[in-house]
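Have a look at final_33.txt; it's compact mmCIF, C-alpha atoms:
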```txt
# COMPACT_ATOMS: atom_id res chain seq x y z
CA MET A 188 0.59 -11.94 -6.66
CA ARG A 189 1.05 -8.30 -5.91
CA ILE A 190 1.08 -5.75 -8.71
CA THR A 191 0.78 -2.25 -7.37
CA THR A 192 0.92 1.14 -9.00
CA TRP A 193 4.64 1.22 -8.13
CA THR A 194 5.23 -1.97 -10.10
CA GLU A 195 3.11 -0.88 -13.04
CA TYR A 196 4.87 2.49 -13.28
CA SER A 197 8.29 0.85 -12.81
CA LEU A 198 7.62 -1.47 -15.75
CA ILE A 199 6.33 1.41 -17.92
CA ILE A 200 9.45 3.49 -17.14
CA SER A 201 11.81 0.55 -17.72
CA ILE A 202 10.22 -0.30 -21.06
CA HIS A 203 10.36 3.36 -22.11
CA LEU A 204 14.07 3.49 -21.28
CA ALA A 205 14.61 0.19 -23.09
CA LYS A 206 12.99 1.59 -26.23
CA ARG A 207 15.18 4.67 -26.12
CA GLY A 208 18.31 2.58 -25.79
CA ARG A 209 21.57 3.47 -24.14
CA SER A 210 22.84 5.11 -27.28
CA GLY A 211 20.83 7.09 -29.75
CA SER A 212 18.61 9.69 -28.12
CA GLY A 213 20.66 9.91 -24.96
CA PRO A 214 19.46 9.85 -21.37
CA VAL A 215 15.77 10.53 -20.66
CA ALA A 216 14.85 13.26 -18.18
CA ALA A 217 12.40 12.36 -15.44
CA ARG A 218 10.08 15.16 -16.56
CA GLU A 219 10.04 13.75 -20.11
CA LEU A 220 9.22 10.28 -18.76
CA ALA A 221 6.38 11.72 -16.69
CA ASP A 222 4.98 13.72 -19.60
CA THR A 223 5.38 11.08 -22.31
CA GLU A 224 3.98 8.21 -20.25
CA ARG A 225 1.42 10.39 -18.44
CA LEU A 226 2.73 9.45 -14.99
CA PRO A 227 2.85 11.62 -11.85
CA ALA A 228 6.26 13.34 -11.74
CA ASP A 229 6.81 12.63 -8.05
CA TYR A 230 6.28 8.89 -8.64
CA VAL A 231 8.72 8.92 -11.56
CA GLU A 232 11.50 10.43 -9.43
CA GLN A 233 10.96 7.92 -6.63
CA ILE A 234 10.77 4.96 -9.01
CA LEU A 235 13.95 6.03 -10.80
CA LEU A 236 15.68 6.20 -7.43
CA ARG A 237 14.59 2.62 -6.65
CA LEU A 238 15.68 1.41 -10.10
CA ARG A 239 19.07 3.14 -9.65
CA ARG A 240 19.56 1.50 -6.25
CA ALA A 241 18.85 -1.88 -7.83
CA GLY A 242 21.46 -1.23 -10.52
CA LEU A 243 18.93 -1.31 -13.37
CA VAL A 244 19.17 2.37 -14.26
CA GLU A 245 22.06 4.82 -14.37
CA SER A 246 21.84 8.57 -14.51
CA VAL A 247 23.76 11.42 -16.07
CA ARG A 248 23.78 14.81 -14.38
CA GLY A 249 23.75 18.18 -16.05
CA ALA A 250 21.71 20.10 -18.59
CA ARG A 251 21.42 17.11 -20.89
CA GLY A 252 21.17 14.65 -18.05
CA GLY A 253 18.64 11.98 -17.39
CA ASP A 254 18.41 8.25 -16.96
CA TYR A 255 19.11 5.21 -19.11
CA LEU A 256 19.14 1.45 -18.59
CA ALA A 257 22.32 0.18 -16.97
CA LYS A 258 22.04 -3.13 -18.88
CA GLU A 259 20.71 -4.34 -22.18
CA PRO A 260 16.93 -4.96 -22.19
CA ALA A 261 17.53 -8.70 -22.66
CA ALA A 262 19.49 -8.74 -19.37
CA ILE A 263 16.70 -7.15 -17.30
CA SER A 264 13.76 -9.34 -16.34
CA VAL A 265 10.29 -8.35 -15.24
CA ARG A 266 11.23 -9.93 -11.90
CA ASP A 267 14.24 -7.58 -11.60
CA VAL A 268 12.03 -4.54 -12.11
CA MET A 269 9.37 -5.83 -9.74
CA THR A 270 11.94 -6.63 -7.05
CA ALA A 271 13.38 -3.13 -7.33
CA SER A 272 9.89 -1.73 -7.03
CA GLU A 273 8.22 -3.92 -4.40
CA HIS A 274 10.82 -6.24 -2.84
CA GLN A 275 8.13 -8.94 -2.72
CA THR A 276 5.94 -10.03 -5.60
CA PHE A 277 3.95 -12.80 -4.01
CA GLU A 278 2.42 -12.67 -0.56
CA ILE A 279 2.62 -15.95 1.29
CA ASN A 280 -0.91 -16.36 2.56
CA CYS A 281 0.08 -18.05 5.83
CA ASP A 282 2.55 -15.26 6.59
CA SER A 283 0.45 -12.26 5.66
CA HIS A 284 -3.13 -13.38 6.31
CA PRO A 285 -3.14 -15.99 9.06
CA VAL A 286 -6.54 -17.46 9.72
CA ASP A 287 -5.32 -19.02 12.94
CA ALA A 288 -2.19 -17.30 14.30
CA GLU A 289 -1.08 -20.37 16.24
CA ARG A 290 -1.58 -22.82 13.36
CA CYS A 291 0.13 -20.52 10.85
CA SER A 292 3.08 -19.41 12.99
CA THR A 293 6.47 -19.99 11.39
CA GLY A 294 7.32 -22.81 13.81
CA ALA A 295 3.98 -24.57 13.48
CA THR A 296 3.03 -27.12 10.89
CA CYS A 297 0.81 -25.40 8.37
CA SER A 298 -0.34 -27.81 5.69
CA ILE A 299 -0.97 -25.06 3.12
CA ARG A 300 2.36 -23.20 3.58
CA PRO A 301 4.21 -25.45 1.06
CA VAL A 302 1.55 -24.61 -1.54
CA TRP A 303 2.12 -20.86 -1.13
CA HIS A 304 5.90 -21.28 -1.25
CA ALA A 305 5.69 -23.44 -4.39
CA LEU A 306 3.44 -20.86 -6.06
CA GLN A 307 5.81 -18.05 -5.11
CA GLN A 308 8.75 -19.94 -6.57
CA ARG A 309 6.93 -20.68 -9.85
CA VAL A 310 5.68 -17.08 -10.21
CA ASP A 311 9.19 -15.75 -9.54
CA GLU A 312 10.67 -18.16 -12.11
CA LEU A 313 8.13 -17.08 -14.71
CA LEU A 314 8.75 -13.37 -14.09
CA ALA A 315 12.51 -13.94 -14.21
CA SER A 316 12.14 -15.63 -17.61
CA ILE A 317 10.52 -12.56 -19.24
CA SER A 318 12.94 -9.79 -20.21
CA LEU A 319 12.27 -6.21 -21.23
CA ALA A 320 13.44 -7.23 -24.72
CA ASP A 321 10.73 -9.93 -24.77
CA LEU A 322 8.08 -7.36 -23.84
CA MET A 323 9.29 -4.98 -26.55
CA ARG A 324 9.18 -7.80 -29.12
CA GLN A 325 5.64 -8.72 -28.09
CA GLU A 326 4.56 -5.10 -28.28
CA SER A 327 5.99 -4.87 -31.81
CA GLN A 328 4.06 -7.96 -32.85
CA VAL A 329 0.84 -6.52 -31.45
CA GLN A 330 1.47 -3.22 -33.25
CA GLU A 331 2.04 -5.10 -36.51
CA LEU A 332 -1.22 -7.02 -36.07
CA VAL A 333 -3.11 -3.82 -35.27
CA GLY A 334 -1.58 -2.17 -38.34
CA ILE A 335 -2.52 -5.10 -40.58
CA SER A 336 -6.10 -5.27 -39.30
CA SER A 337 -6.65 -1.52 -39.62
CA VAL A 338 -5.44 -1.59 -43.26
CA SER A 339 -7.77 -4.49 -44.17
```
In structure tokens, what does this structure look like?
Amino acid sequence: MRITTWTEYSLIISIHLAKRGRSGSGPVAARELADTERLPADYVEQILLRLRRAGLVESVRGARGGDYLAKEPAAISVRDVMTASEHQTFEINCDSHPVDAERCSTGATCSIRPVWHALQQRVDELLASISLADLMRQESQVQELVGISSVS
């Protein structure tokens, strides 16, 4: 599986926008995202552009402009964010790292290729089953546990 800095930052930005909500505080400026989450500003701009192109984020222009989620957090999966960020989450070993180019060519019979494809499918299904709302819920539960243990 491939989790790059792009993917990590994309998830951080998406979760931040999910926490802010479409209503309430209003759109979040890229500079604020960069400062609050301690991310490089140039990355934030590029990631927001990718998320906009994927239809996950919308933006408002002007003095009070910024970005917000285009959908509810429950409707955006980790897979959606990763696809917007990377376009591919799982490298098929036969395709990207052939040991024997002839044996692993697309037309050849490669006995391990079905394994890689099955793994890719299962990983994609798992990532698609986890929404931003799920991640926010889990984070809340962890915060509650940390709060309880620090009081004890």
In Å, how far is it from atom CA of A:Arg218 to atom CA of A:Gln328? 28.9 Å
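With atom CA of A:Pro214 on one side and atom CA of A:Tyr255 on the other, the separation reads 5.2 Å.
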Separation of atom CA of A:Arg237 and atom CA of A:Trp303, in Å?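 These atoms are spaced 27.2 Å apart.
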Go through A:Ser298, A:Thr223, A:Ser318, A:Gln308 one by one, measure the shortest atom-to-atom distance of each to A:Leu198 using all atoms listed in the file, and give the residue with the smallest value.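 Among A:Ser298, A:Thr223, A:Ser318, A:Gln308, it is A:Ser318 that comes nearest to A:Leu198.
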Within 8 Å of (15.6, 6.0, -14.2) in the file's own coordinates, which protein, DNA or RNA residues have an atom, counting all atoms listed in the file? List them as a ChimeraX atom specification. /A:200-201,204,215,217,231-232,234-236,238-239,244-246,253-256
Env of stretch 309-317 of chain A: 6 Å cut, atoms = all atoms listed in the file, seq-sep filter 6 positions within chain, self excluded. Answer as a list in words.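 Listing them by chain and then by number gives Ser264, Val265 and Arg266 of chain A.
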Taking the structure in the block just given, could you write stretch 209-252 of chain A with N, CA and C atoms, as a compact mmCIF listing (two decimals), in the first residue's frame?
```txt
# COMPACT_ATOMS: atom_id res chain seq x y z
N ARG A 209 -19.58 22.48 7.28
CA ARG A 209 -19.96 23.37 6.18
C ARG A 209 -20.57 24.65 6.72
N SER A 210 -21.32 24.53 7.79
CA SER A 210 -21.87 25.73 8.42
C SER A 210 -21.05 26.00 9.67
N GLY A 211 -21.39 27.00 10.38
CA GLY A 211 -20.63 27.28 11.60
C GLY A 211 -19.56 28.31 11.37
N SER A 212 -18.32 27.90 11.37
CA SER A 212 -17.19 28.82 11.27
C SER A 212 -16.97 29.37 9.87
N GLY A 213 -17.60 28.80 8.89
CA GLY A 213 -17.40 29.24 7.52
C GLY A 213 -16.22 28.56 6.87
N PRO A 214 -15.92 28.97 5.64
CA PRO A 214 -14.82 28.34 4.91
C PRO A 214 -13.48 28.58 5.61
N VAL A 215 -12.54 27.67 5.38
CA VAL A 215 -11.22 27.73 6.01
C VAL A 215 -10.20 28.16 4.96
N ALA A 216 -9.46 29.21 5.25
CA ALA A 216 -8.43 29.69 4.33
C ALA A 216 -7.25 28.72 4.32
N ALA A 217 -6.62 28.61 3.16
CA ALA A 217 -5.48 27.70 3.02
C ALA A 217 -4.38 28.06 4.02
N ARG A 218 -4.15 29.33 4.23
CA ARG A 218 -3.11 29.77 5.17
C ARG A 218 -3.45 29.28 6.58
N GLU A 219 -4.72 29.37 6.96
CA GLU A 219 -5.14 28.90 8.29
C GLU A 219 -4.92 27.39 8.43
N LEU A 220 -5.26 26.64 7.36
CA LEU A 220 -5.03 25.19 7.37
C LEU A 220 -3.55 24.89 7.56
N ALA A 221 -2.71 25.61 6.82
CA ALA A 221 -1.27 25.39 6.90
C ALA A 221 -0.76 25.70 8.31
N ASP A 222 -1.20 26.80 8.86
CA ASP A 222 -0.73 27.21 10.19
C ASP A 222 -1.25 26.28 11.28
N THR A 223 -2.54 26.02 11.28
CA THR A 223 -3.16 25.21 12.32
C THR A 223 -2.62 23.79 12.33
N GLU A 224 -2.49 23.21 11.16
CA GLU A 224 -2.06 21.80 11.06
C GLU A 224 -0.55 21.67 10.89
N ARG A 225 0.15 22.79 10.87
CA ARG A 225 1.61 22.81 10.71
C ARG A 225 2.05 22.06 9.45
N LEU A 226 1.43 22.47 8.32
CA LEU A 226 1.74 21.88 7.02
C LEU A 226 2.37 22.96 6.13
N PRO A 227 3.21 22.57 5.19
CA PRO A 227 3.78 23.55 4.26
C PRO A 227 2.68 24.17 3.40
N ALA A 228 2.66 25.50 3.33
CA ALA A 228 1.59 26.22 2.63
C ALA A 228 1.48 25.82 1.16
N ASP A 229 2.60 25.60 0.49
CA ASP A 229 2.54 25.23 -0.92
C ASP A 229 1.90 23.86 -1.12
N TYR A 230 2.12 22.94 -0.20
CA TYR A 230 1.45 21.63 -0.26
C TYR A 230 -0.06 21.80 -0.08
N VAL A 231 -0.44 22.62 0.88
CA VAL A 231 -1.86 22.81 1.19
C VAL A 231 -2.61 23.30 -0.05
N GLU A 232 -2.06 24.29 -0.73
CA GLU A 232 -2.70 24.82 -1.94
C GLU A 232 -2.85 23.73 -3.00
N GLN A 233 -1.81 22.97 -3.22
CA GLN A 233 -1.85 21.92 -4.25
C GLN A 233 -2.82 20.80 -3.87
N ILE A 234 -2.84 20.44 -2.60
CA ILE A 234 -3.76 19.39 -2.15
C ILE A 234 -5.20 19.85 -2.26
N LEU A 235 -5.47 21.09 -1.86
CA LEU A 235 -6.83 21.63 -2.00
C LEU A 235 -7.28 21.61 -3.45
N LEU A 236 -6.37 21.92 -4.36
CA LEU A 236 -6.70 21.88 -5.78
C LEU A 236 -7.10 20.46 -6.19
N ARG A 237 -6.34 19.47 -5.76
CA ARG A 237 -6.67 18.07 -6.07
C ARG A 237 -8.01 17.67 -5.46
N LEU A 238 -8.25 18.07 -4.23
CA LEU A 238 -9.52 17.74 -3.56
C LEU A 238 -10.70 18.43 -4.25
N ARG A 239 -10.49 19.66 -4.73
CA ARG A 239 -11.54 20.36 -5.49
C ARG A 239 -11.84 19.62 -6.79
N ARG A 240 -10.79 19.24 -7.50
CA ARG A 240 -10.98 18.52 -8.77
C ARG A 240 -11.74 17.22 -8.58
N ALA A 241 -11.55 16.59 -7.44
CA ALA A 241 -12.24 15.33 -7.14
C ALA A 241 -13.66 15.56 -6.64
N GLY A 242 -14.04 16.81 -6.43
CA GLY A 242 -15.38 17.11 -5.96
C GLY A 242 -15.58 16.92 -4.46
N LEU A 243 -14.49 16.83 -3.72
CA LEU A 243 -14.58 16.62 -2.27
C LEU A 243 -14.60 17.94 -1.51
N VAL A 244 -14.06 18.97 -2.12
CA VAL A 244 -13.94 20.28 -1.48
C VAL A 244 -14.47 21.33 -2.44
N GLU A 245 -15.11 22.34 -1.87
CA GLU A 245 -15.55 23.50 -2.65
C GLU A 245 -14.91 24.73 -2.04
N SER A 246 -14.80 25.77 -2.84
CA SER A 246 -14.17 26.97 -2.31
C SER A 246 -15.06 28.19 -2.52
N VAL A 247 -14.80 29.18 -1.67
CA VAL A 247 -15.49 30.46 -1.73
C VAL A 247 -14.40 31.51 -1.92
N ARG A 248 -14.58 32.39 -2.88
CA ARG A 248 -13.60 33.43 -3.14
C ARG A 248 -13.94 34.68 -2.34
N GLY A 249 -12.96 35.54 -2.20
CA GLY A 249 -13.18 36.81 -1.54
C GLY A 249 -12.45 36.91 -0.22
N ALA A 250 -12.68 38.03 0.45
CA ALA A 250 -11.98 38.32 1.71
C ALA A 250 -12.24 37.26 2.77
N ARG A 251 -13.44 36.76 2.81
CA ARG A 251 -13.78 35.72 3.79
C ARG A 251 -13.85 34.35 3.14
N GLY A 252 -13.11 34.20 2.08
CA GLY A 252 -13.14 32.95 1.32
C GLY A 252 -12.31 31.86 1.97
```
